[in-house]
Amino acid sequence: MRLRLVKRNTNFDFFTRWKLWLGISALMVMIGAASFLYQGLNFGIDFRGGTTIRTESPLPVVVSEYRDAIAVLELGDVTITEVFDPQFRDDQNVAMIRIQAQDDQESVTTEVIEAVEGAMKAVRPDIKFISVESVGPKVSGELINTAIIAVVLAIGAVLIYIWLRFEWQFAAGAVLALIHDVVLTIGVFSELQIRFDLAIIAALLTIVGYSLNDTVVVFDRVRENLRKYKNRPLKELLNMSINETLSRTFMTSVTTLLALIALFVLGGDVIRGFVFAMIWGVIVGTYSSIFVATAALLYFGVKRDWSKQDLNAGNQYANIDA
């Protein structure tokens, strides 16, 4: 007996309250946008500027030990990652310590770097400080602009792709779903003040791709059914299309979430923000593919032109289906 998350031949009515679903989505988008405008994002070092210190030790890197040693200095956002390289010797354990700029300074001051070195040598006397590099606010500002352009261009490319493959109504529904997903993801990061860095931008672009893939699967089935059942009401046809792809949608989302949850629990602090964004994106992406993209398609309507011969074929399909 095979495990099924969704039984065969489901007949859920997703459009009984489709205006309510769109209203809830619009309200969530407004809350996310208001949170972003009111309190902004908790930008990480990539966007805020700061200093990266590269260390080397003959003993294995223990991230929690490094973090506890630096925490007493109260330097704000500090990221510690272990660097892996096949060319490293067995006694060459390298770590990257990234510290945000203090008090709107161009970079971390020499006094702060010396304090970090002293705190690290207290727990690792044999540690060496190989290099110190700084990222100023100007470079960080350029990264923010580049990140915004990347997300906007991705959504614009999606608009053109869907428009060429389907019709403008499908493109509008898909782009509304993508904007819904991106704004809600940025909104939850603003509301919870989770660190927002370049990894989150990568997560946003991945979410755009994931949501688009899910939406296109549903839209493909809608297009097939539009040709097959030419005189069925659009609402009934959209319901049928979603139900036919529901098993695939849930299986894809659940298996993806299982891997992401494992990474969130076991992956450590370094990738936790990225994984959280992906988990949130999969959930809202699945929701938007069902309740936003298709509901927008129902609102805009679909132009269905066919000849008399096609109409007769459609009536035959309808009779067979009945």
# chains A, B, ... in the order shown; residues from 1 in each chain; ligands from 1
$ select_by_dssp --residues "stretch 69-272 of chain A" --states "helix (DSSP H, G or I)" --output "PyMOL selection string"
chain A and resi 69-71+110-123+137-165+168-192+198-228+234-266+272
$ residues_around --residues "stretch 113-127 of chain A" --least-positions-apart "2" --cutoff "8 Å" --atoms "only C-alpha atoms" --output "MDAnalysis selection string"
chainID A and resid 55:58 65:66 69:70 73 108:111 129
$ closest_residue --among "A:Val94, A:Leu258, A:Val216, A:Ile242" --to "A:Ser131" --atoms "only C-alpha atoms"
A:Val94
$ closest_residue --among "A:Ser241, A:Thr79, A:Thr249, A:Ser25" --to "A:Val270" --atoms "only C-alpha atoms"
A:Thr79
$ residues_around --residues "A:Glu191" --least-positions-apart "4" --cutoff "10 Å" --atoms "only C-alpha atoms" --output "PDB file with C-alpha atoms, in the first residue's frame"
ATOM      1  CA  ILE A  31       1.075  44.344   7.083  1.00  0.00           C
ATOM      2  CA  GLY A  32       4.425  43.148   5.712  1.00  0.00           C
ATOM      3  CA  ALA A  33       4.920  46.348   3.719  1.00  0.00           C
ATOM      4  CA  ALA A  34       3.954  48.498   6.728  1.00  0.00           C
ATOM      5  CA  SER A  35       6.405  46.624   8.963  1.00  0.00           C
ATOM      6  CA  PHE A  36       9.156  47.141   6.390  1.00  0.00           C
ATOM      7  CA  TYR A  38       8.037  51.387   9.848  1.00  0.00           C
ATOM      8  CA  GLN A  39      10.956  49.455  11.334  1.00  0.00           C
ATOM      9  CA  GLY A  40      12.951  48.356   8.293  1.00  0.00           C
ATOM     10  CA  LEU A  41      15.188  45.309   8.082  1.00  0.00           C
ATOM     11  CA  ASN A  42      17.887  44.089  10.413  1.00  0.00           C
ATOM     12  CA  THR A 185       9.050  37.047   3.090  1.00  0.00           C
ATOM     13  CA  ILE A 186      10.582  40.503   3.478  1.00  0.00           C
ATOM     14  CA  GLY A 187       7.727  41.411   5.842  1.00  0.00           C
TER      15      GLY A 187
END
$ closest_residue --among "A:Val254, A:Met278, A:Ile271, A:Leu143" --to "A:Leu205" --atoms "only C-alpha atoms"
A:Met278
$ select_by_dssp --residues "stretch 125-201 of chain A" --states "strand (DSSP E or B)" --output "PDB file with N, CA, C and O atoms, in the first residue's frame"
ATOM      1  N   LYS A 128      46.171  32.340  15.410  1.00  0.00           N
ATOM      2  CA  LYS A 128      46.859  33.363  14.628  1.00  0.00           C
ATOM      3  C   LYS A 128      45.825  34.170  13.841  1.00  0.00           C
ATOM      4  O   LYS A 128      44.833  33.625  13.361  1.00  0.00           O
ATOM      5  N   PHE A 129      46.074  35.459  13.699  1.00  0.00           N
ATOM      6  CA  PHE A 129      45.192  36.340  12.937  1.00  0.00           C
ATOM      7  C   PHE A 129      45.875  36.643  11.602  1.00  0.00           C
ATOM      8  O   PHE A 129      46.854  37.395  11.553  1.00  0.00           O
ATOM      9  N   ILE A 130      45.373  36.018  10.541  1.00  0.00           N
ATOM     10  CA  ILE A 130      46.038  36.054   9.239  1.00  0.00           C
ATOM     11  C   ILE A 130      45.784  37.364   8.510  1.00  0.00           C
ATOM     12  O   ILE A 130      46.710  37.967   7.954  1.00  0.00           O
ATOM     13  N   SER A 131      44.519  37.798   8.477  1.00  0.00           N
ATOM     14  CA  SER A 131      44.206  39.003   7.707  1.00  0.00           C
ATOM     15  C   SER A 131      43.001  39.716   8.306  1.00  0.00           C
ATOM     16  O   SER A 131      42.188  39.100   9.016  1.00  0.00           O
ATOM     17  N   VAL A 132      42.892  40.999   8.019  1.00  0.00           N
ATOM     18  CA  VAL A 132      41.755  41.823   8.452  1.00  0.00           C
ATOM     19  C   VAL A 132      41.296  42.636   7.242  1.00  0.00           C
ATOM     20  O   VAL A 132      42.088  43.375   6.645  1.00  0.00           O
ATOM     21  N   GLU A 133      40.028  42.493   6.857  1.00  0.00           N
ATOM     22  CA  GLU A 133      39.476  43.207   5.714  1.00  0.00           C
ATOM     23  C   GLU A 133      38.201  43.927   6.134  1.00  0.00           C
ATOM     24  O   GLU A 133      37.425  43.398   6.933  1.00  0.00           O
ATOM     25  N   SER A 134      37.993  45.126   5.577  1.00  0.00           N
ATOM     26  CA  SER A 134      36.824  45.934   5.939  1.00  0.00           C
ATOM     27  C   SER A 134      35.947  46.200   4.724  1.00  0.00           C
ATOM     28  O   SER A 134      36.443  46.320   3.598  1.00  0.00           O
ATOM     29  N   VAL A 135      34.630  46.282   4.975  1.00  0.00           N
ATOM     30  CA  VAL A 135      33.651  46.649   3.960  1.00  0.00           C
ATOM     31  C   VAL A 135      32.955  47.904   4.447  1.00  0.00           C
ATOM     32  O   VAL A 135      32.290  47.891   5.493  1.00  0.00           O
ATOM     33  N   ARG A 195      18.232  38.642  10.952  1.00  0.00           N
ATOM     34  CA  ARG A 195      19.323  39.241  10.179  1.00  0.00           C
ATOM     35  C   ARG A 195      19.108  39.027   8.682  1.00  0.00           C
ATOM     36  O   ARG A 195      18.852  37.916   8.215  1.00  0.00           O
ATOM     37  N   PHE A 196      19.213  40.107   7.934  1.00  0.00           N
ATOM     38  CA  PHE A 196      18.970  40.100   6.484  1.00  0.00           C
ATOM     39  C   PHE A 196      20.289  40.366   5.779  1.00  0.00           C
ATOM     40  O   PHE A 196      20.848  41.456   5.877  1.00  0.00           O
TER      41      PHE A 196
END
$ closest_residue --among "A:Phe12, A:Tyr210, A:Phe276, A:Tyr161" --to "A:Ser288" --atoms "only C-alpha atoms"
A:Tyr210
$ residues_around --residues "A:Ala203" --least-positions-apart "3" --cutoff "6 Å" --atoms "only C-alpha atoms" --output "compact mmCIF listing (two decimals) with C-alpha atoms, in the first residue's frame"
# COMPACT_ATOMS: atom_id res chain seq x y z
CA ILE A 200 18.51 35.95 2.15
CA THR A 206 15.12 30.67 -5.05
CA PHE A 274 18.61 31.30 4.72
CA MET A 278 13.23 28.96 2.30
$ residues_around --residues "A:Asn9" --least-positions-apart "2" --cutoff "12 Å" --atoms "only C-alpha atoms" --output "PyMOL selection string"
chain A and resi 6-7+11-12+239-247
$ decode --residues "stretch 250-291 of chain A" --atoms "N, CA and C atoms" --output "mmCIF file, in the first residue's frame"
data_model
loop_
_atom_site.group_PDB
_atom_site.id
_atom_site.type_symbol
_atom_site.label_atom_id
_atom_site.label_comp_id
_atom_site.auth_asym_id
_atom_site.auth_seq_id
_atom_site.Cartn_x
_atom_site.Cartn_y
_atom_site.Cartn_z
ATOM 1 N N PHE A 250 1.477 18.989 -3.097
ATOM 2 C CA PHE A 250 1.736 18.688 -1.691
ATOM 3 C C PHE A 250 2.945 17.778 -1.520
ATOM 4 N N MET A 251 3.114 16.796 -2.390
ATOM 5 C CA MET A 251 4.273 15.916 -2.277
ATOM 6 C C MET A 251 5.570 16.703 -2.454
ATOM 7 N N THR A 252 5.597 17.610 -3.435
ATOM 8 C CA THR A 252 6.788 18.426 -3.655
ATOM 9 C C THR A 252 7.072 19.322 -2.451
ATOM 10 N N SER A 253 6.029 19.963 -1.938
ATOM 11 C CA SER A 253 6.212 20.887 -0.815
ATOM 12 C C SER A 253 6.641 20.156 0.452
ATOM 13 N N VAL A 254 6.019 19.028 0.741
ATOM 14 C CA VAL A 254 6.327 18.297 1.978
ATOM 15 C C VAL A 254 7.741 17.741 1.946
ATOM 16 N N THR A 255 8.148 17.140 0.831
ATOM 17 C CA THR A 255 9.513 16.592 0.757
ATOM 18 C C THR A 255 10.557 17.712 0.833
ATOM 19 N N THR A 256 10.272 18.850 0.217
ATOM 20 C CA THR A 256 11.191 19.989 0.330
ATOM 21 C C THR A 256 11.273 20.489 1.761
ATOM 22 N N LEU A 257 10.120 20.571 2.435
ATOM 23 C CA LEU A 257 10.100 21.048 3.819
ATOM 24 C C LEU A 257 10.831 20.089 4.757
ATOM 25 N N LEU A 258 10.753 18.797 4.505
ATOM 26 C CA LEU A 258 11.469 17.831 5.360
ATOM 27 C C LEU A 258 12.972 18.098 5.325
ATOM 28 N N ALA A 259 13.504 18.316 4.125
ATOM 29 C CA ALA A 259 14.942 18.604 4.009
ATOM 30 C C ALA A 259 15.288 19.938 4.653
ATOM 31 N N LEU A 260 14.446 20.952 4.449
ATOM 32 C CA LEU A 260 14.725 22.284 5.004
ATOM 33 C C LEU A 260 14.640 22.289 6.525
ATOM 34 N N ILE A 261 13.677 21.583 7.081
ATOM 35 C CA ILE A 261 13.545 21.531 8.547
ATOM 36 C C ILE A 261 14.769 20.845 9.157
ATOM 37 N N ALA A 262 15.254 19.786 8.500
ATOM 38 C CA ALA A 262 16.469 19.119 8.987
ATOM 39 C C ALA A 262 17.653 20.079 8.972
ATOM 40 N N LEU A 263 17.777 20.882 7.908
ATOM 41 C CA LEU A 263 18.852 21.874 7.844
ATOM 42 C C LEU A 263 18.676 22.955 8.898
ATOM 43 N N PHE A 264 17.434 23.357 9.141
ATOM 44 C CA PHE A 264 17.183 24.404 10.126
ATOM 45 C C PHE A 264 17.570 23.940 11.531
ATOM 46 N N VAL A 265 17.306 22.685 11.845
ATOM 47 C CA VAL A 265 17.588 22.161 13.177
ATOM 48 C C VAL A 265 19.074 21.831 13.336
ATOM 49 N N LEU A 266 19.662 21.241 12.305
ATOM 50 C CA LEU A 266 21.021 20.717 12.427
ATOM 51 C C LEU A 266 22.082 21.559 11.728
ATOM 52 N N GLY A 267 21.677 22.533 10.913
ATOM 53 C CA GLY A 267 22.643 23.255 10.088
ATOM 54 C C GLY A 267 23.452 24.307 10.799
ATOM 55 N N GLY A 268 23.023 24.738 11.975
ATOM 56 C CA GLY A 268 23.780 25.744 12.690
ATOM 57 C C GLY A 268 23.307 27.155 12.398
ATOM 58 N N ASP A 269 23.883 28.101 13.111
ATOM 59 C CA ASP A 269 23.443 29.490 13.042
ATOM 60 C C ASP A 269 23.792 30.158 11.724
ATOM 61 N N VAL A 270 24.832 29.700 11.050
ATOM 62 C CA VAL A 270 25.313 30.371 9.845
ATOM 63 C C VAL A 270 24.266 30.360 8.736
ATOM 64 N N ILE A 271 23.588 29.233 8.520
ATOM 65 C CA ILE A 271 22.620 29.122 7.420
ATOM 66 C C ILE A 271 21.177 29.166 7.912
ATOM 67 N N ARG A 272 20.960 29.430 9.203
ATOM 68 C CA ARG A 272 19.604 29.364 9.746
ATOM 69 C C ARG A 272 18.676 30.410 9.122
ATOM 70 N N GLY A 273 19.177 31.614 8.893
ATOM 71 C CA GLY A 273 18.345 32.642 8.275
ATOM 72 C C GLY A 273 17.943 32.256 6.860
ATOM 73 N N PHE A 274 18.895 31.736 6.083
ATOM 74 C CA PHE A 274 18.609 31.300 4.719
ATOM 75 C C PHE A 274 17.569 30.187 4.713
ATOM 76 N N VAL A 275 17.737 29.205 5.599
ATOM 77 C CA VAL A 275 16.812 28.072 5.631
ATOM 78 C C VAL A 275 15.428 28.523 6.097
ATOM 79 N N PHE A 276 15.375 29.431 7.074
ATOM 80 C CA PHE A 276 14.075 29.953 7.521
ATOM 81 C C PHE A 276 13.348 30.636 6.367
ATOM 82 N N ALA A 277 14.083 31.429 5.580
ATOM 83 C CA ALA A 277 13.465 32.097 4.426
ATOM 84 C C ALA A 277 12.938 31.074 3.432
ATOM 85 N N MET A 278 13.669 29.995 3.231
ATOM 86 C CA MET A 278 13.227 28.963 2.299
ATOM 87 C C MET A 278 11.982 28.247 2.810
ATOM 88 N N ILE A 279 11.956 27.923 4.112
ATOM 89 C CA ILE A 279 10.773 27.264 4.685
ATOM 90 C C ILE A 279 9.548 28.154 4.528
ATOM 91 N N TRP A 280 9.694 29.407 4.915
ATOM 92 C CA TRP A 280 8.585 30.358 4.780
ATOM 93 C C TRP A 280 8.171 30.494 3.308
ATOM 94 N N GLY A 281 9.159 30.550 2.414
ATOM 95 C CA GLY A 281 8.871 30.709 0.994
ATOM 96 C C GLY A 281 8.136 29.524 0.396
ATOM 97 N N VAL A 282 8.500 28.315 0.812
ATOM 98 C CA VAL A 282 7.791 27.127 0.313
ATOM 99 C C VAL A 282 6.334 27.144 0.753
ATOM 100 N N ILE A 283 6.097 27.534 2.011
ATOM 101 C CA ILE A 283 4.722 27.568 2.526
ATOM 102 C C ILE A 283 3.891 28.610 1.791
ATOM 103 N N VAL A 284 4.386 29.848 1.731
ATOM 104 C CA VAL A 284 3.597 30.904 1.078
ATOM 105 C C VAL A 284 3.565 30.703 -0.439
ATOM 106 N N GLY A 285 4.606 30.075 -1.011
ATOM 107 C CA GLY A 285 4.602 29.796 -2.436
ATOM 108 C C GLY A 285 3.543 28.783 -2.822
ATOM 109 N N THR A 286 3.397 27.749 -1.991
ATOM 110 C CA THR A 286 2.339 26.761 -2.229
ATOM 111 C C THR A 286 0.968 27.403 -2.080
ATOM 112 N N TYR A 287 0.824 28.218 -1.043
ATOM 113 C CA TYR A 287 -0.455 28.913 -0.815
ATOM 114 C C TYR A 287 -0.794 29.824 -1.988
ATOM 115 N N SER A 288 0.185 30.609 -2.448
ATOM 116 C CA SER A 288 -0.093 31.583 -3.509
ATOM 117 C C SER A 288 -0.395 30.900 -4.837
ATOM 118 N N SER A 289 0.225 29.752 -5.102
ATOM 119 C CA SER A 289 -0.051 29.044 -6.353
ATOM 120 C C SER A 289 -1.505 28.593 -6.424
ATOM 121 N N ILE A 290 -2.079 28.250 -5.270
ATOM 122 C CA ILE A 290 -3.453 27.750 -5.237
ATOM 123 C C ILE A 290 -4.453 28.883 -5.071
ATOM 124 N N PHE A 291 -4.188 29.789 -4.133
ATOM 125 C CA PHE A 291 -5.208 30.762 -3.732
ATOM 126 C C PHE A 291 -5.013 32.163 -4.324
#
